[in-house]
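Below is one structure, written out as structure tokens, with a few remarks after it.
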Protein chains: 2
Amino acid sequence: MSVRLSAAAEYEALLDKYDTWMFDCDGVLWHGDRLIEGAIEVLSILRQRKKQILFVTNNATKSRKSYKGKFDALGVEAHVDEIYGSAYAAAVYISSVIKLPKDKKVYVIGMKGMEEELADEGVSFIGGTDPADATLQPFSLSDFALDPTVGAVVCGLDTAINYTKLSKAFQYLTRNPGCHFLATNEDSTYPAGDGLLPGAGAISAPLRYALGRDPVAIGKPAKTMLDCIQAKVHYDPARTIMVGDRLNTDILFGQNGGLATLLVLTGITSEAEITGPNASSIVPDYVTSSIGDLRTVGQ
Amino acid sequence: MSVRLSAAAEYEALLDKYDTWMFDCDGVLWHGDRLIEGAIEVLSILRQRKKQILFVTNNATKSRKSYKGKFDALGVEAHVDEIYGSAYAAAVYISSVIKLPKDKKVYVIGMKGMEEELADEGVSFIGGTDPADATLQPFSLSDFALDPTVGAVVCGLDTAINYTKLSKAFQYLTRNPGCHFLATNEDSTYPAGDGLLPGAGAISAPLRYALGRDPVAIGKPAKTMLDCIQAKVHYDPARTIMVGDRLNTDILFGQNGGLATLLVLTGITSEAEITGPNASSIVPDYVTSSIGDLRTVGQ
């Protein structure tokens, strides 16, 4: 059962107990372009107390650099090396785990952030935002030249998804032997400020369905994301807490990595999903209404 | 175990045994724009022997009228009332089974054929080929006006699929109470003449994934398609045979409807899928290499 936090002493004890604080962003620190009340003050308290802060997001549409721009615009202090996005983790996975040979390339279903992270990791790619693939015309297989050097397809959220991209990815995955199939994350939906829209998992779903096989998923809750963080920063899992708004990504991610978990109710998860007869089987260690609640500890 | 047909007497016996012949088209009568050798002669033999012929296709991109154009172009005799497509069956299902009220409408993910069949059944619709939805720009939820009269979303193969269509459909299915979710068919792929491309099932897959629920599927192997045929023509299931190239659509469809089944090997299904240790659990009554084999019976 989760501990429901409410008293100042409980928040104070939480701060004492954990040195590393991993935060999901959307639904925890902000909603679209609106800050969650108190988020800035809480992050500031953590920094004053010399806590290690990491931002762990499944957002694959932005590179870390451009995602920092989001923090800047909202007035939230953040540093690029504190930000771990699923596009970055996917690029690291391709360069360091798969070790895609230098003469091979990736076919991208995704946006600029995915391309930037691949470029930063020195991974060649095609597709993505290439205007040649930005079409709503029917796809002609007889006009298509299969590139035999495509050794992986990576799928992230792509709001310019179309049949040409899906068809090309399908050709590479069925005709290039050993072609890897990766998804930055499997979120079914994402919070768009004023509601939910289909998430990255919905973008890879057509390929998953047509192929009859699942991609390797990189983002939360997959352990791959934590492996990527572990390769870059030192932290003690026993003194680390993951703060998130989503049970099947954030909280499960923390649990998969042996971290403590704090659920906030400012995002996807509602009270009904954690209490009562239909409660989820994923149970966070702690629950609080909002990250802003931690302000009670004072500076 | 299937009966493997080869002798003229076996084909002759088959013709004696069945009065109604239901044909899948792509992979059975033609491949894309190329006729299967002997298909025209065999259909002609069946007509001379006064057999009832029905063409049962999951193709939802064409209305029956425009699908007849395909037969005409290939020189194959066919009549509109012999053609049953999944777009037509979906339209009939909406008008006759769901009985969508006249003040309600359908949001279409699909092509012109789907729209034509809905119009013919007197069903109002939006979406589809509307140029307003033909965009690769990001979808803005705040600019979207939810139409409360949308009572169903129907998904067919749509080679102009994009994020705007998926997002609108997702809004209707999550925000309009009781909104029906239909798929013309669930084919994972379709034969595009020179290879496979993602099929209609891949087009509804993002919604299926984002919603966490499955659509009502209309086309083969669903019984819905046969219900639609039954409502229009008389046939005796005991003297009816379904001829197809795909085990999990055509053959399963025939079996679900209590019909005999004949598999041809000119399409999706290979020899390895019906024999040996990895054979499918879907076993047709009869197997022959090609529909053209039936020519041996002579005129």
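Identifiers in this document derive from the order of the structure tokens: chains are assigned A, B, ..., residues are numbered from 1 separately in each chain, and ligands are numbered from 1 in order of occurrence.
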Considering only C-alpha atoms, tabulate each residue of chain A that lies at most 9 Å from chain B along with its nearest interatomic pair and the corresponding distance in Å to one decimal; arrange the rows by chain and ascending residue number and present them as a tab-separated table.
```
residue	atom	partner	partner_atom	distance
A:Ala134	CA	B:Leu136	CA	7.3
A:Thr135	CA	B:Leu136	CA	7.8
A:Leu136	CA	B:Ala160	CA	4.8
A:Gln137	CA	B:Ala160	CA	6.4
A:Pro138	CA	B:Thr159	CA	5.3
A:Phe139	CA	B:Thr159	CA	7.3
A:Ser140	CA	B:Ala192	CA	8.6
A:Leu141	CA	B:Asp194	CA	6.8
A:Ser142	CA	B:Asp194	CA	6.8
A:Asp158	CA	B:Tyr163	CA	8.0
A:Thr159	CA	B:Pro138	CA	5.3
A:Ala160	CA	B:Leu136	CA	4.8
A:Ile161	CA	B:Asn162	CA	5.6
A:Asn162	CA	B:Asn162	CA	5.1
A:Tyr163	CA	B:Thr159	CA	5.4
A:Thr164	CA	B:Thr159	CA	8.0
A:Leu166	CA	B:Pro198	CA	7.4
A:Ser167	CA	B:Leu197	CA	5.9
A:Lys168	CA	B:Leu197	CA	8.9
A:Phe170	CA	B:Leu197	CA	7.2
A:Gln171	CA	B:Leu197	CA	7.9
A:Asp187	CA	B:Ala210	CA	8.2
A:Ser188	CA	B:Ala210	CA	4.4
A:Thr189	CA	B:Ala210	CA	5.8
A:Ala192	CA	B:Leu141	CA	7.5
A:Gly193	CA	B:Leu141	CA	8.6
A:Asp194	CA	B:Ser142	CA	6.8
A:Gly195	CA	B:Leu141	CA	7.2
A:Leu196	CA	B:Gln171	CA	8.2
A:Leu197	CA	B:Ser167	CA	5.9
A:Pro198	CA	B:Ala210	CA	5.6
A:Gly199	CA	B:Ala210	CA	7.0
A:Gly201	CA	B:Tyr209	CA	7.2
A:Ala202	CA	B:Pro206	CA	4.1
A:Ile203	CA	B:Pro206	CA	6.2
A:Ser204	CA	B:Pro206	CA	7.7
A:Ala205	CA	B:Pro206	CA	5.3
A:Pro206	CA	B:Ala202	CA	4.1
A:Leu207	CA	B:Ala202	CA	6.9
A:Arg208	CA	B:Ala202	CA	8.2
A:Tyr209	CA	B:Ala202	CA	5.7
A:Ala210	CA	B:Ser188	CA	4.4
A:Leu211	CA	B:Ser188	CA	7.6
A:Gly212	CA	B:Ser188	CA	8.1
```
Spatial neighbours of B:Val297, 12 Å, only C-alpha atoms, chain gap at least 6 places, as a PDB file with C-alpha atoms, in the first residue's frame:
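Produced file result27.pdb, reproduced below:
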```pdb
ATOM      1  CA  SER B   6      -5.239 -32.446 -59.109  1.00  0.00           C
ATOM      2  CA  ALA B   7      -7.285 -34.774 -61.343  1.00  0.00           C
ATOM      3  CA  ALA B   8      -9.951 -33.517 -63.741  1.00  0.00           C
ATOM      4  CA  ALA B   9     -12.508 -35.789 -62.063  1.00  0.00           C
ATOM      5  CA  GLU B  10     -11.864 -34.110 -58.706  1.00  0.00           C
ATOM      6  CA  TYR B  11     -12.503 -30.654 -60.129  1.00  0.00           C
ATOM      7  CA  GLU B  12     -15.604 -31.990 -61.880  1.00  0.00           C
ATOM      8  CA  ALA B  13     -16.885 -33.392 -58.566  1.00  0.00           C
ATOM      9  CA  LEU B  14     -16.255 -30.018 -56.901  1.00  0.00           C
ATOM     10  CA  LEU B  15     -18.346 -28.258 -59.526  1.00  0.00           C
ATOM     11  CA  ASP B  16     -21.144 -30.721 -59.003  1.00  0.00           C
ATOM     12  CA  GLU B  41     -12.190 -19.129 -68.334  1.00  0.00           C
ATOM     13  CA  VAL B  42     -13.030 -20.692 -64.979  1.00  0.00           C
ATOM     14  CA  SER B  44     -17.016 -18.433 -67.591  1.00  0.00           C
ATOM     15  CA  ILE B  45     -17.368 -22.196 -67.006  1.00  0.00           C
ATOM     16  CA  LEU B  46     -19.139 -21.503 -63.691  1.00  0.00           C
ATOM     17  CA  ARG B  49     -23.129 -24.144 -65.515  1.00  0.00           C
TER      18      ARG B  49
END
```
Exercise. Pick out the residues sitting within 8 Å of B:Asn59, and hand them over as a list in words; count only C-alpha atoms, and ignore anything fewer than 3 positions along from it in its own chain.
Key: Lys62, Gly85, Ser86, Ala87 and Leu157 of chain B
Include all heavy atoms and write out the residues we just selected as a PDB file, in the first residue's frame.
```pdb
ATOM      1  N   LYS B  62     -12.462   0.908 -52.444  1.00  0.00           N
ATOM      2  CA  LYS B  62     -13.352   1.108 -53.600  1.00  0.00           C
ATOM      3  C   LYS B  62     -14.787   0.743 -53.230  1.00  0.00           C
ATOM      4  O   LYS B  62     -15.036  -0.215 -52.508  1.00  0.00           O
ATOM      5  CB  LYS B  62     -12.903   0.215 -54.761  1.00  0.00           C
ATOM      6  CG  LYS B  62     -11.574   0.609 -55.384  1.00  0.00           C
ATOM      7  CD  LYS B  62     -11.309  -0.260 -56.612  1.00  0.00           C
ATOM      8  CE  LYS B  62     -10.129   0.249 -57.425  1.00  0.00           C
ATOM      9  NZ  LYS B  62      -8.853   0.062 -56.738  1.00  0.00           N
ATOM     10  N   GLY B  85     -18.016  -5.792 -50.850  1.00  0.00           N
ATOM     11  CA  GLY B  85     -16.774  -5.243 -50.319  1.00  0.00           C
ATOM     12  C   GLY B  85     -16.963  -4.862 -48.862  1.00  0.00           C
ATOM     13  O   GLY B  85     -18.106  -4.705 -48.400  1.00  0.00           O
ATOM     14  N   SER B  86     -15.873  -4.710 -48.149  1.00  0.00           N
ATOM     15  CA  SER B  86     -15.999  -4.426 -46.721  1.00  0.00           C
ATOM     16  C   SER B  86     -16.476  -2.989 -46.462  1.00  0.00           C
ATOM     17  O   SER B  86     -17.055  -2.703 -45.425  1.00  0.00           O
ATOM     18  CB  SER B  86     -14.694  -4.723 -45.986  1.00  0.00           C
ATOM     19  OG  SER B  86     -13.673  -3.866 -46.411  1.00  0.00           O
ATOM     20  N   ALA B  87     -16.273  -2.087 -47.421  1.00  0.00           N
ATOM     21  CA  ALA B  87     -16.808  -0.726 -47.261  1.00  0.00           C
ATOM     22  C   ALA B  87     -18.341  -0.767 -47.354  1.00  0.00           C
ATOM     23  O   ALA B  87     -19.049  -0.153 -46.549  1.00  0.00           O
ATOM     24  CB  ALA B  87     -16.233   0.206 -48.322  1.00  0.00           C
ATOM     25  N   LEU B 157      -8.754   0.971 -45.044  1.00  0.00           N
ATOM     26  CA  LEU B 157      -7.437   1.302 -45.573  1.00  0.00           C
ATOM     27  C   LEU B 157      -7.471   2.743 -46.072  1.00  0.00           C
ATOM     28  O   LEU B 157      -8.395   3.130 -46.789  1.00  0.00           O
ATOM     29  CB  LEU B 157      -7.059   0.354 -46.727  1.00  0.00           C
ATOM     30  CG  LEU B 157      -5.650   0.577 -47.277  1.00  0.00           C
ATOM     31  CD1 LEU B 157      -4.589   0.263 -46.237  1.00  0.00           C
ATOM     32  CD2 LEU B 157      -5.410  -0.261 -48.522  1.00  0.00           C
TER      33      LEU B 157
END
```
Exercise. Could you pull out the residues in stretch 18-133 of chain B that DSSP calls alpha helix (DSSP H) from the backbone, as a ChimeraX atom specification?
Key: /B:39-48,64-74,86-92,112-120
Self-check item: Residues within 8 Å of stretch 283-293 of chain B, only C-alpha atoms, excluding chain neighbours under 5 positions, as an NGL selection string
Solution: :B and (1-6 or 28-29 or 36-39 or 41-42 or 247 or 251 or 260-266 or 274)
